[in-house]
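Structure below is entry.txt: compact mmCIF, C-alpha atoms.
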# COMPACT_ATOMS: atom_id res chain seq x y z
CA MET W 1 -2.38 11.82 -20.58
CA GLU W 2 0.33 14.31 -21.42
CA LEU W 3 0.51 17.05 -18.79
CA ARG W 4 1.88 20.24 -20.30
CA LEU W 5 2.17 21.96 -16.96
CA GLY W 6 4.71 20.97 -14.33
CA ILE W 7 4.17 21.56 -10.66
CA GLU W 8 7.30 23.67 -10.56
CA VAL W 9 5.88 25.97 -13.24
CA ALA W 10 2.44 26.19 -11.65
CA ALA W 11 3.99 27.34 -8.40
CA LEU W 12 5.15 30.54 -10.09
CA LEU W 13 1.78 31.55 -11.53
CA PRO W 14 -0.95 33.56 -9.76
CA ASP W 15 -3.06 31.27 -7.57
CA TRP W 16 -6.28 31.47 -9.60
CA LEU W 17 -4.53 31.00 -12.95
CA ALA W 18 -2.29 28.21 -11.70
CA LEU W 19 -5.26 26.27 -10.32
CA LEU W 20 -7.16 26.70 -13.59
CA LEU W 21 -4.26 25.51 -15.72
CA TRP W 22 -3.43 22.67 -13.33
CA PHE W 23 -6.91 21.14 -13.37
CA SER W 24 -7.26 21.72 -17.07
CA ALA W 25 -4.08 19.73 -17.60
CA LEU W 26 -5.23 16.91 -15.34
CA SER W 27 -8.49 16.60 -17.23
CA CYS W 28 -6.82 16.00 -20.59
CA SER W 29 -6.37 12.44 -21.84
CA VAL W 30 -4.04 11.00 -24.46
CA SER W 31 -6.92 10.32 -26.82
CA SER W 32 -7.81 14.00 -26.85
CA PRO W 33 -5.85 16.22 -29.23
CA ALA W 34 -6.57 19.27 -27.12
CA SER W 35 -3.73 20.38 -24.87
CA LEU W 36 -2.17 23.51 -23.52
CA SER W 37 0.09 25.21 -26.00
CA PRO W 38 3.74 25.20 -24.88
CA SER W 39 3.83 28.93 -25.62
CA LEU W 40 1.26 29.53 -22.87
CA VAL W 41 3.42 27.85 -20.25
CA PRO W 42 6.74 29.49 -19.38
CA GLN W 43 9.50 26.89 -19.18
CA ILE W 44 11.04 27.96 -15.89
CA ARG W 45 13.01 25.66 -13.65
CA THR W 46 12.84 25.96 -9.89
CA SER W 47 14.21 24.08 -6.91
CA ASN W 48 10.84 22.39 -6.20
CA LYS W 49 11.59 18.67 -5.83
CA PHE W 50 8.04 17.55 -6.67
CA GLY W 51 8.29 17.73 -10.46
CA ARG W 52 6.28 15.71 -12.98
CA ALA W 53 9.02 13.13 -13.48
CA PHE W 54 9.60 12.69 -9.74
CA LEU W 55 5.91 12.09 -9.09
CA GLY W 56 5.38 10.01 -12.22
CA LEU W 57 2.71 12.38 -13.55
CA ASP W 58 4.35 12.17 -16.95
CA LYS W 59 3.31 8.48 -17.02
CA CYS W 60 -0.39 9.00 -16.29
CA ASN W 61 -2.73 7.36 -16.90
CA ALA W 62 -0.46 4.38 -16.28
CA CYS W 63 -0.33 5.58 -12.70
CA ILE W 64 -2.16 5.37 -9.36
CA GLY W 65 -4.16 8.61 -9.52
CA THR W 66 -4.13 12.36 -8.97
CA SER W 67 -6.29 12.81 -5.86
CA ILE W 68 -3.58 14.50 -3.78
CA CYS W 69 -1.71 16.41 -6.50
CA LYS W 70 -3.24 19.68 -5.30
CA LYS W 71 -1.54 19.18 -1.93
CA PHE W 72 1.84 18.89 -3.63
CA PHE W 73 1.06 21.90 -5.79
CA LYS W 74 0.06 24.04 -2.80
CA GLU W 75 3.16 22.84 -0.90
CA GLU W 76 1.00 21.37 1.83
CA ILE W 77 3.22 18.29 1.54
CA ARG W 78 6.88 18.97 2.19
CA PHE W 79 10.05 17.14 3.05
CA ASP W 80 12.33 20.18 3.24
CA ASN W 81 13.93 19.32 6.59
CA TRP W 82 14.60 15.74 5.53
CA LEU W 83 16.17 16.89 2.27
CA THR W 84 18.50 19.22 4.11
CA SER W 85 19.90 16.34 6.14
CA HIS W 86 20.15 13.99 3.12
CA PRO W 87 21.48 16.19 0.28
CA GLU W 88 23.52 13.37 -1.23
CA LEU W 89 20.64 10.95 -1.88
CA PRO W 90 19.41 10.28 -5.45
CA LEU W 91 15.76 11.18 -4.79
CA ASP W 92 14.24 9.52 -7.84
CA TYR W 93 15.53 6.12 -6.81
CA LEU W 94 14.37 5.91 -3.19
CA PRO W 95 11.33 3.68 -2.49
CA SER W 96 9.84 6.03 0.11
CA TYR W 97 10.34 9.43 1.68
CA PRO W 98 9.38 10.85 5.09
CA ALA W 99 7.44 14.08 4.69
CA ASN W 100 5.13 16.51 6.46
CA TYR W 101 1.49 17.16 5.63
CA SER W 102 -0.77 20.08 6.54
CA ASP W 103 -4.28 21.31 5.87
CA ASP W 104 -3.68 24.86 7.10
CA PHE W 105 0.12 25.51 7.10
CA LYS W 106 -0.07 25.76 10.90
CA THR W 107 -0.15 22.18 12.10
CA TRP W 108 1.95 19.53 10.38
CA ARG W 109 1.91 15.77 10.76
CA PRO W 110 4.36 13.16 9.49
CA VAL W 111 3.43 11.19 6.40
CA GLU W 112 5.18 8.80 4.05
CA ILE W 113 5.50 9.27 0.30
CA SER W 114 6.09 5.91 -1.35
CA ARG W 115 6.31 4.33 -4.78
CA LEU W 116 4.46 1.22 -5.92
CA VAL W 117 7.73 -0.22 -7.18
CA SER W 118 11.27 1.09 -7.47
CA LYS W 119 12.25 3.57 -10.16
CA HIS W 120 14.33 0.81 -11.75
CA GLN W 121 11.39 -1.60 -11.81
CA ASN W 122 9.16 1.12 -13.26
CA GLY W 123 11.63 1.47 -16.10
CA ILE W 124 11.60 -2.27 -16.75
CA SER W 125 7.78 -2.33 -16.69
CA ASP W 126 7.51 0.59 -19.10
CA ARG W 127 9.93 -1.07 -21.53
CA ARG W 128 7.93 -4.31 -21.33
CA ILE W 129 4.79 -2.38 -22.25
CA CYS W 130 6.48 -0.88 -25.31
CA ALA W 131 7.98 -4.24 -26.28
CA SER W 132 4.58 -5.94 -26.06
CA ALA W 133 3.43 -3.74 -28.93
CA ALA W 134 6.70 -4.04 -30.85
CA ALA W 135 7.15 -0.33 -30.23
CA PRO W 136 10.40 1.57 -29.64
CA LYS W 137 11.90 1.56 -26.14
CA THR W 138 10.09 4.80 -25.46
CA CYS W 139 6.47 4.83 -26.54
CA SER W 140 3.06 6.09 -25.44
CA ILE W 141 2.53 3.66 -22.58
CA GLU W 142 -1.08 4.66 -22.15
CA ARG W 143 -1.85 4.17 -25.84
CA VAL W 144 -0.40 0.65 -25.77
CA LEU W 145 -2.32 -0.33 -22.63
CA ARG W 146 -5.58 1.08 -24.00
CA LYS W 147 -5.35 -1.18 -27.06
CA THR W 148 -5.01 -4.41 -25.05
CA VAL W 149 -7.81 -6.95 -25.09
CA ARG W 150 -8.07 -6.81 -21.30
CA PHE W 151 -8.60 -3.06 -21.16
CA GLN W 152 -11.15 -3.18 -23.96
CA LYS W 153 -13.12 -5.61 -21.79
CA TRP W 154 -12.79 -3.19 -18.86
CA LEU W 155 -14.21 -0.39 -21.02
CA GLN W 156 -17.35 -2.43 -21.67
CA ALA W 157 -17.75 -3.66 -18.10
CA LYS W 158 -20.33 -2.22 -15.73
CA ARG W 159 -18.99 -4.22 -12.78
CA LEU W 160 -15.55 -5.49 -11.81
CA THR W 161 -15.81 -9.27 -12.09
CA PRO W 162 -13.23 -12.06 -11.50
CA ASP W 163 -12.65 -12.64 -15.22
CA LEU W 164 -11.41 -9.04 -15.58
CA VAL W 165 -8.56 -9.58 -13.10
CA GLN W 166 -7.61 -13.17 -13.87
CA GLY W 167 -3.93 -13.63 -14.59
CA LEU W 168 -2.83 -10.59 -12.56
CA SER W 169 0.04 -11.47 -10.24
CA SER W 170 -1.04 -9.69 -7.04
CA PRO W 171 -1.76 -11.92 -4.01
CA LEU W 172 -4.94 -9.87 -3.46
CA LEU W 173 -6.32 -11.21 -6.75
CA ARG W 174 -5.27 -14.85 -6.57
CA CYS W 175 -8.61 -15.86 -5.08
CA PRO W 176 -11.04 -13.11 -6.11
CA SER W 177 -14.65 -13.27 -4.97
CA GLN W 178 -17.31 -10.96 -6.32
CA ARG W 179 -17.82 -9.57 -2.81
CA LEU W 180 -14.14 -8.60 -2.60
CA LEU W 181 -14.09 -6.97 -6.04
CA ASP W 182 -17.28 -5.04 -5.24
CA ARG W 183 -15.50 -3.73 -2.15
CA VAL W 184 -12.57 -2.60 -4.31
CA VAL W 185 -14.84 -0.55 -6.57
CA ARG W 186 -17.01 0.80 -3.75
CA ARG W 187 -14.00 1.98 -1.71
CA TYR W 188 -11.83 3.21 -4.58
CA ALA W 189 -10.79 6.70 -3.47
CA GLU W 190 -9.41 7.98 -6.77
CA VAL W 191 -12.87 8.61 -8.25
CA ALA W 192 -15.61 11.00 -7.25
CA ASP W 193 -18.87 9.61 -5.89
CA ALA W 194 -17.37 6.39 -4.59
CA GLY W 195 -19.82 4.05 -2.91
CA SER W 196 -21.41 2.06 -5.72
CA ILE W 197 -20.40 -1.46 -6.73
CA PHE W 198 -20.97 -0.49 -10.36
CA MET W 199 -18.44 1.38 -12.47
CA ASP W 200 -20.90 3.63 -14.27
CA HIS W 201 -19.23 6.71 -12.77
CA PHE W 202 -15.73 5.57 -13.81
CA THR W 203 -14.19 7.35 -16.78
CA ASP W 204 -11.89 5.48 -19.16
CA ARG W 205 -9.02 7.14 -17.34
CA ASP W 206 -10.27 5.92 -13.95
CA LYS W 207 -10.53 2.35 -15.19
CA LEU W 208 -7.01 2.37 -16.60
CA ARG W 209 -5.57 3.76 -13.36
CA LEU W 210 -7.35 1.13 -11.27
CA LEU W 211 -6.26 -1.69 -13.58
CA TYR W 212 -2.67 -0.44 -13.60
CA THR W 213 -2.58 -0.25 -9.78
CA LEU W 214 -4.05 -3.75 -9.42
CA ALA W 215 -1.45 -5.07 -11.85
CA VAL W 216 1.60 -3.39 -10.32
CA ASN W 217 1.06 -3.28 -6.53
CA THR W 218 -2.21 -3.52 -4.60
CA HIS W 219 -0.84 -1.82 -1.45
CA PRO W 220 -2.87 1.41 -1.97
CA ILE W 221 -6.00 -0.61 -2.77
CA LEU W 222 -5.69 -2.60 0.46
CA LEU W 223 -5.33 0.62 2.46
CA GLN W 224 -8.61 1.79 0.93
CA ILE W 225 -10.71 -1.37 1.26
CA PHE W 226 -9.51 -2.23 4.78
CA PRO W 227 -9.09 1.23 6.40
CA GLY W 228 -7.56 1.78 9.80
CA ALA W 229 -10.60 3.89 10.76
CA GLU W 230 -12.62 0.66 10.76
CA GLY W 231 -10.15 -1.17 12.97
CA TRP W 232 -7.91 -2.73 10.34
CA PRO W 233 -4.16 -2.64 11.17
CA LEU W 234 -3.24 -0.47 8.19
CA PRO W 235 -2.14 3.18 7.89
CA LYS W 236 -4.49 5.78 6.43
CA TYR W 237 -4.48 6.29 2.67
CA LEU W 238 -4.32 10.03 2.05
CA GLY W 239 -4.19 10.00 -1.73
CA SER W 240 -1.90 9.65 -4.71
CA CYS W 241 -0.25 11.74 -7.37
CA GLY W 242 1.17 10.08 -10.44
CA ARG W 243 3.08 7.01 -9.34
CA VAL W 244 3.49 7.92 -5.67
CA LEU W 245 1.02 7.57 -2.82
CA VAL W 246 0.82 9.33 0.52
CA SER W 247 -0.11 7.58 3.77
CA THR W 248 0.28 8.22 7.49
CA SER W 249 3.82 7.68 8.71
CA THR W 250 5.21 4.83 10.78
CA SER W 251 8.71 3.83 11.90
CA PRO W 252 9.80 0.40 10.58
CA LEU W 253 9.86 -2.41 13.11
CA HIS W 254 13.53 -3.22 12.60
CA GLU W 255 14.39 0.11 14.23
CA PHE W 256 13.05 -1.37 17.47
CA TYR W 257 15.19 -4.51 17.54
CA GLY W 258 17.25 -2.87 20.28
CA ALA W 259 14.21 -1.80 22.30
CA PRO W 260 14.05 -2.54 26.05
CA PRO W 261 12.34 -5.79 27.10
CA GLU W 262 8.96 -4.28 28.00
CA GLN W 263 8.70 -2.50 24.65
CA ALA W 264 9.83 -5.57 22.70
CA ALA W 265 7.20 -7.63 24.54
CA ASP W 266 4.53 -5.06 23.70
CA LEU W 267 5.42 -4.97 20.00
CA ALA W 268 5.59 -8.77 19.72
CA TYR W 269 2.24 -9.08 21.48
CA GLN W 270 0.69 -6.52 19.12
CA LEU W 271 2.10 -8.32 16.08
CA LEU W 272 0.54 -11.61 17.16
CA ARG W 273 -2.76 -9.82 17.73
CA VAL W 274 -2.56 -8.27 14.26
CA LEU W 275 -2.08 -11.68 12.65
CA GLU W 276 -5.01 -12.99 14.66
CA SER W 277 -7.25 -10.19 13.35
CA LEU W 278 -6.19 -10.93 9.78
CA ARG W 279 -7.07 -14.57 10.23
CA SER W 280 -10.39 -14.05 12.02
CA ASN W 281 -12.57 -10.94 11.66
CA ASP W 282 -16.22 -9.89 11.42
CA LEU W 283 -16.11 -9.55 7.63
CA ASN W 284 -15.03 -13.17 7.16
CA TYR W 285 -11.96 -12.33 5.08
CA PHE W 286 -8.80 -14.34 5.63
CA LEU W 287 -5.79 -12.10 5.01
CA TYR W 288 -2.40 -13.78 4.80
CA PHE W 289 1.19 -12.85 3.96
CA THR W 290 3.04 -14.44 1.07
CA HIS W 291 6.35 -13.32 2.60
CA VAL W 292 7.41 -11.02 5.43
CA ASP W 293 10.28 -8.92 6.71
CA ALA W 294 10.59 -6.30 9.43
CA THR W 295 10.15 -3.39 6.99
CA MET W 296 6.56 -4.50 6.37
CA PHE W 297 5.52 -3.57 9.90
CA GLY W 298 5.67 -0.12 11.43
CA ILE W 299 4.98 1.70 14.67
CA PHE W 300 3.12 4.99 15.03
CA ASN W 301 4.46 7.57 17.46
CA ASN W 302 1.85 6.42 20.00
CA GLY W 303 3.39 2.95 20.09
CA HIS W 304 0.69 1.28 18.01
CA LEU W 305 1.92 -1.37 15.54
CA PHE W 306 0.51 -1.46 12.02
CA ILE W 307 1.23 -3.08 8.66
CA ARG W 308 3.15 -0.42 6.74
CA ASP W 309 3.54 -2.43 3.52
CA ALA W 310 0.51 -4.47 2.43
CA SER W 311 1.87 -5.47 -0.98
CA ALA W 312 2.41 -9.08 0.12
CA LEU W 313 -1.09 -9.52 1.57
CA GLY W 314 -3.44 -12.00 -0.03
CA VAL W 315 -7.17 -12.19 0.68
CA ILE W 316 -9.49 -15.20 0.71
CA ASP W 317 -13.22 -14.67 1.13
CA LYS W 318 -14.37 -17.23 3.69
CA GLN W 319 -18.00 -16.14 3.38
CA GLU W 320 -18.53 -16.24 -0.36
CA GLY W 321 -15.70 -18.50 -1.39
CA SER W 322 -13.22 -17.90 -4.17
CA GLN W 323 -13.91 -17.75 -7.85
CA ALA W 324 -10.36 -18.73 -8.68
CA ALA W 325 -9.10 -17.33 -11.92
CA SER W 326 -7.84 -19.73 -14.55
CA ARG W 327 -4.07 -19.84 -14.67
CA ALA W 328 -3.98 -20.90 -18.31
CA ARG W 329 -1.33 -19.26 -20.45
CA GLU W 330 -3.91 -17.58 -22.70
CA ASN W 331 -5.26 -15.62 -19.73
CA LYS W 332 -1.97 -13.80 -19.22
CA ASP W 333 -1.08 -10.56 -20.93
CA ILE W 334 1.17 -7.54 -20.46
CA PHE W 335 -0.70 -6.60 -17.25
CA SER W 336 0.35 -9.99 -15.83
CA CYS W 337 4.02 -9.27 -16.45
CA LEU W 338 4.59 -5.71 -15.27
CA VAL W 339 6.42 -6.67 -12.05
CA THR W 340 6.96 -10.43 -12.41
CA GLY W 341 7.99 -12.74 -15.19
CA CYS W 342 5.13 -13.90 -17.38
CA GLN W 343 5.92 -17.50 -16.43
CA ALA W 344 5.55 -16.90 -12.68
CA LYS W 345 3.31 -19.53 -11.11
CA LEU W 346 0.68 -18.58 -8.57
CA SER W 347 -0.18 -20.96 -5.75
CA SER W 348 -3.68 -22.37 -5.53
CA CYS W 349 -6.15 -20.71 -3.17
CA ASP W 350 -6.80 -24.10 -1.60
CA THR W 351 -3.18 -24.50 -0.50
CA ILE W 352 -2.98 -21.46 1.82
CA PRO W 353 -3.01 -22.72 5.43
CA GLU W 354 -4.22 -20.68 8.41
CA LYS W 355 -0.77 -20.92 9.95
CA GLN W 356 1.08 -19.33 7.01
CA SER W 357 1.52 -15.78 8.36
CA LEU W 358 2.39 -17.02 11.86
CA VAL W 359 5.09 -19.33 10.55
CA LEU W 360 6.64 -16.54 8.49
CA VAL W 361 6.62 -14.04 11.37
CA CYS W 362 7.97 -16.57 13.88
CA GLN W 363 10.79 -17.37 11.46
CA GLN W 364 11.69 -13.94 10.09
CA VAL W 365 10.66 -11.22 12.55
CA LEU W 366 10.00 -12.22 16.17
CA PRO W 367 13.37 -13.92 16.89
CA GLN W 368 15.27 -10.69 16.16
CA LEU W 369 12.84 -8.68 18.26
CA LEU W 370 12.79 -11.00 21.31
CA GLN W 371 16.23 -12.60 21.28
CA GLY W 372 18.08 -12.32 24.59
CA LYS W 373 15.66 -9.76 26.03
CA PHE W 374 14.48 -11.60 29.15
CA SER W 375 15.94 -13.53 32.05
CA SER W 376 15.57 -17.27 32.61
CA PRO W 377 13.31 -19.17 32.54
CA VAL W 378 11.09 -16.73 30.59
CA GLN W 379 13.56 -16.38 27.70
CA GLU W 380 13.83 -20.17 27.35
CA GLN W 381 10.05 -20.50 27.22
CA ILE W 382 9.85 -17.79 24.55
CA ASP W 383 12.62 -19.39 22.48
CA VAL W 384 10.95 -22.82 22.59
CA LEU W 385 7.58 -21.43 21.51
CA LEU W 386 9.15 -19.33 18.74
CA ALA W 387 10.91 -22.42 17.38
CA LYS W 388 7.69 -24.41 17.48
CA CYS W 389 5.67 -21.61 15.89
CA GLY W 390 8.21 -21.30 13.08
CA GLU W 391 8.17 -24.99 12.11
CA GLY W 392 6.04 -24.97 9.01
CA VAL W 393 5.77 -28.75 8.91
CA ARG W 394 3.65 -28.78 12.06
CA PRO W 395 -0.13 -28.89 11.60
CA ASP W 396 -2.16 -25.70 11.91
CA PRO W 397 -3.54 -26.40 15.44
CA GLU W 398 -0.03 -26.82 16.89
CA ILE W 399 1.22 -23.58 15.33
CA LEU W 400 -1.84 -21.65 16.50
CA ARG W 401 -1.50 -23.09 20.01
CA ALA W 402 2.19 -22.14 20.22
CA ALA W 403 1.37 -18.58 19.13
CA SER W 404 -1.41 -18.34 21.71
CA GLN W 405 0.92 -19.56 24.48
CA LEU W 406 3.57 -17.07 23.39
CA LYS W 407 1.02 -14.27 23.54
CA ASP W 408 0.04 -15.33 27.09
CA ILE W 409 3.70 -15.10 28.18
CA LEU W 410 4.24 -11.70 26.55
CA ARG W 411 1.12 -10.03 27.91
CA PRO W 412 2.26 -9.59 31.56
CA LEU W 413 5.74 -8.53 30.40
CA ARG W 414 4.30 -5.32 28.98
CA THR W 415 4.21 -2.24 31.17
CA CYS W 416 1.59 0.48 31.51
CA ASP W 417 3.23 3.87 30.99
CA PRO W 418 3.02 6.91 28.65
CA ARG W 419 5.39 5.33 26.10
CA PHE W 420 2.43 3.20 25.03
CA ALA W 421 0.01 6.06 24.41
CA TYR W 422 -2.25 3.89 22.24
CA ARG W 423 -3.39 2.09 25.44
CA TYR W 424 -2.42 4.57 28.17
CA PRO W 425 -3.94 5.59 30.57
CA ASP W 426 -6.67 3.00 29.87
CA CYS W 427 -4.28 0.24 30.92
CA LYS W 428 -4.22 1.70 34.45
CA TYR W 429 -7.91 0.98 34.94
CA ASN W 430 -8.71 -1.95 32.67
CA ASP W 431 -6.82 -5.23 32.31
CA LYS W 432 -8.05 -5.44 28.71
CA PHE W 433 -5.34 -2.92 27.78
Please, can you express the file's structure as structure tokens?
Amino acid sequence: MELRLGIEVAALLPDWLALLLWFSALSCSVSSPASLSPSLVPQIRTSNKFGRAFLGLDKCNACIGTSICKKFFKEEIRFDNWLTSHPELPLDYLPSYPANYSDDFKTWRPVEISRLVSKHQNGISDRRICASAAAPKTCSIERVLRKTVRFQKWLQAKRLTPDLVQGLSSPLLRCPSQRLLDRVVRRYAEVADAGSIFMDHFTDRDKLRLLYTLAVNTHPILLQIFPGAEGWPLPKYLGSCGRVLVSTSTSPLHEFYGAPPEQAADLAYQLLRVLESLRSNDLNYFLYFTHVDATMFGIFNNGHLFIRDASALGVIDKQEGSQAASRARENKDIFSCLVTGCQAKLSSCDTIPEKQSLVLVCQQVLPQLLQGKFSSPVQEQIDVLLAKCGEGVRPDPEILRAASQLKDILRPLRTCDPRFAYRYPDCKYNDKF
């Protein structure tokens, strides 16, 4: 889709005309010759930072979606204050941006604007797409992707089935079950009338956007299929525009490495609880990390810990089992290679142990959070259990037991005060909190 109208131009037009032109532009696809004449759109530059190139709207429909573009257009999403304090930063190349979001221009709440991959990686992916069709370095990315065998199968499909996603590199799709893929379609927020497991209401454009997102980074999909409103430890997905998405804001965990002992104990306890919920839940999905670092976890302003980056989360359906996709070379295509090398090997679904996420967190995250925070003998007990929990060679039961013992030590080290608003004042009256 070639948008002929930039957000910065639309902002200068009368409200009714700007809205009309904006939605007309969004509804156009590459295959359609109809488009707004350049003569109808004044080419005026403004200081608005949310331009087409910044958002990635010029790359649609090889993008996430357009569900929140109107918010950018109406300036109900802003990062003015942050920009003022960071004038030297090259905005196009940052992975995420703190911003403010409003529904009425009166009350504002913090949000995060983030990219699926870095601007540099986007450039590499786009060049790979052009190269796959022996096209020049700059080509119509959408036109190339539409002609692929995989997308032609998507166009004919009524339902998203495991064969349609086989060969994609995302951990979410290593072990796809039909139940999981039905959940992806039913919860997909970038289409109207979501709720059906069938894709009858998907346009060609919708299918390409979903396929592109699944191929590049499934973080926004995970936020949609496992929403925080249903108790999952993930921030709220607010929408997307081009190649950026907007979600509720958290502060990265590494900013709390210097926290006082009671806060460190609370965060470590929460993190262990989060991993427990990923491993065992009512829906019988086993969610696991392929790798971790402290930037993947975040804390809301009420002290509640969440997963702020779900891109490294894999999902195994314990109820239905996995219909593992064939890893044969012929099942790989350009969609398999957008963010990884085409020769990248994916581990078997059967080789993912229950202990995997615990081992990674006990190795990479918890030591920095808990190191030297407590007096003897509590600190020694914590250090011993962290070392045991982080030894991947130990069998699953030993790792799980060490994590449970660590959680038991951390629980009474937490305090009950207003800093932990997510459980205060309930913690004053109920030991559960």
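With distances restricted to all atoms listed in the file, W:Ser240 is the closest residue to W:Ile68 from W:Gln319, W:Ser240, W:Thr340, W:Ser169.
Residue nearest W:Asn331, chosen from W:Leu168, W:Leu410, W:Val117, W:Ala53 and counting all atoms listed in the file: W:Leu168.
Compared by their closest atoms to W:Arg183, and using all atoms listed in the file, the residues W:Arg205, W:Arg78, W:Lys236, W:Arg159 rank with W:Arg159 nearest.
The shortest atom-to-atom distance to W:Leu370, with only C-alpha atoms taken into account, belongs to W:His254 out of W:His254, W:Lys207, W:Arg174, W:Lys153.
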Atom pair atom CA of W:Arg109 + atom CA of W:Val216, distance 28.5 Å
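The space separating atom CA of W:Ala133 from atom CA of W:Arg146 comes to 11.3 Å.
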Select from stretch 271-350 of chain W every residue with an atom at most 8 Å from any atom of stretch 412-420 of chain W, then for each give the shortest pair of atoms and their distance in Å to one decimal, using all atoms listed in the file, rows by chain and rising number, as JSON lines.
{"residue": "W:Asn302", "atom": "CA", "partner": "W:Phe420", "partner_atom": "CA", "distance": 6.0}
{"residue": "W:Gly303", "atom": "CA", "partner": "W:Phe420", "partner_atom": "CA", "distance": 5.0}
{"residue": "W:His304", "atom": "CA", "partner": "W:Phe420", "partner_atom": "CA", "distance": 7.5}
Can you pull out every residue within 6 Å of stretch 289-296 of chain W, counting only C-alpha atoms, but drop anything in the same chain fewer than 6 positions away, and send it as a PDB file with C-alpha atoms, in the frame of the given file?
ATOM      1  CA  PRO W 252       9.800   0.400  10.580  1.00  0.00           C
ATOM      2  CA  LEU W 253       9.860  -2.410  13.110  1.00  0.00           C
ATOM      3  CA  HIS W 254      13.530  -3.220  12.600  1.00  0.00           C
ATOM      4  CA  ILE W 307       1.230  -3.080   8.660  1.00  0.00           C
ATOM      5  CA  ARG W 308       3.150  -0.420   6.740  1.00  0.00           C
ATOM      6  CA  ASP W 309       3.540  -2.430   3.520  1.00  0.00           C
ATOM      7  CA  ALA W 312       2.410  -9.080   0.120  1.00  0.00           C
ATOM      8  CA  LEU W 313      -1.090  -9.520   1.570  1.00  0.00           C
ATOM      9  CA  SER W 357       1.520 -15.780   8.360  1.00  0.00           C
ATOM     10  CA  VAL W 365      10.660 -11.220  12.550  1.00  0.00           C
TER      11      VAL W 365
END
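Distance-wise, atom CA of W:Gln263 and atom CA of W:Arg411 end up 11.2 Å apart.
Comparing the minimum interatomic distances between W:Ile409 and each of W:Leu223, W:Ala268, W:Leu164, W:Leu173, counting all atoms listed in the file, we find that W:Ala268 sits nearest.
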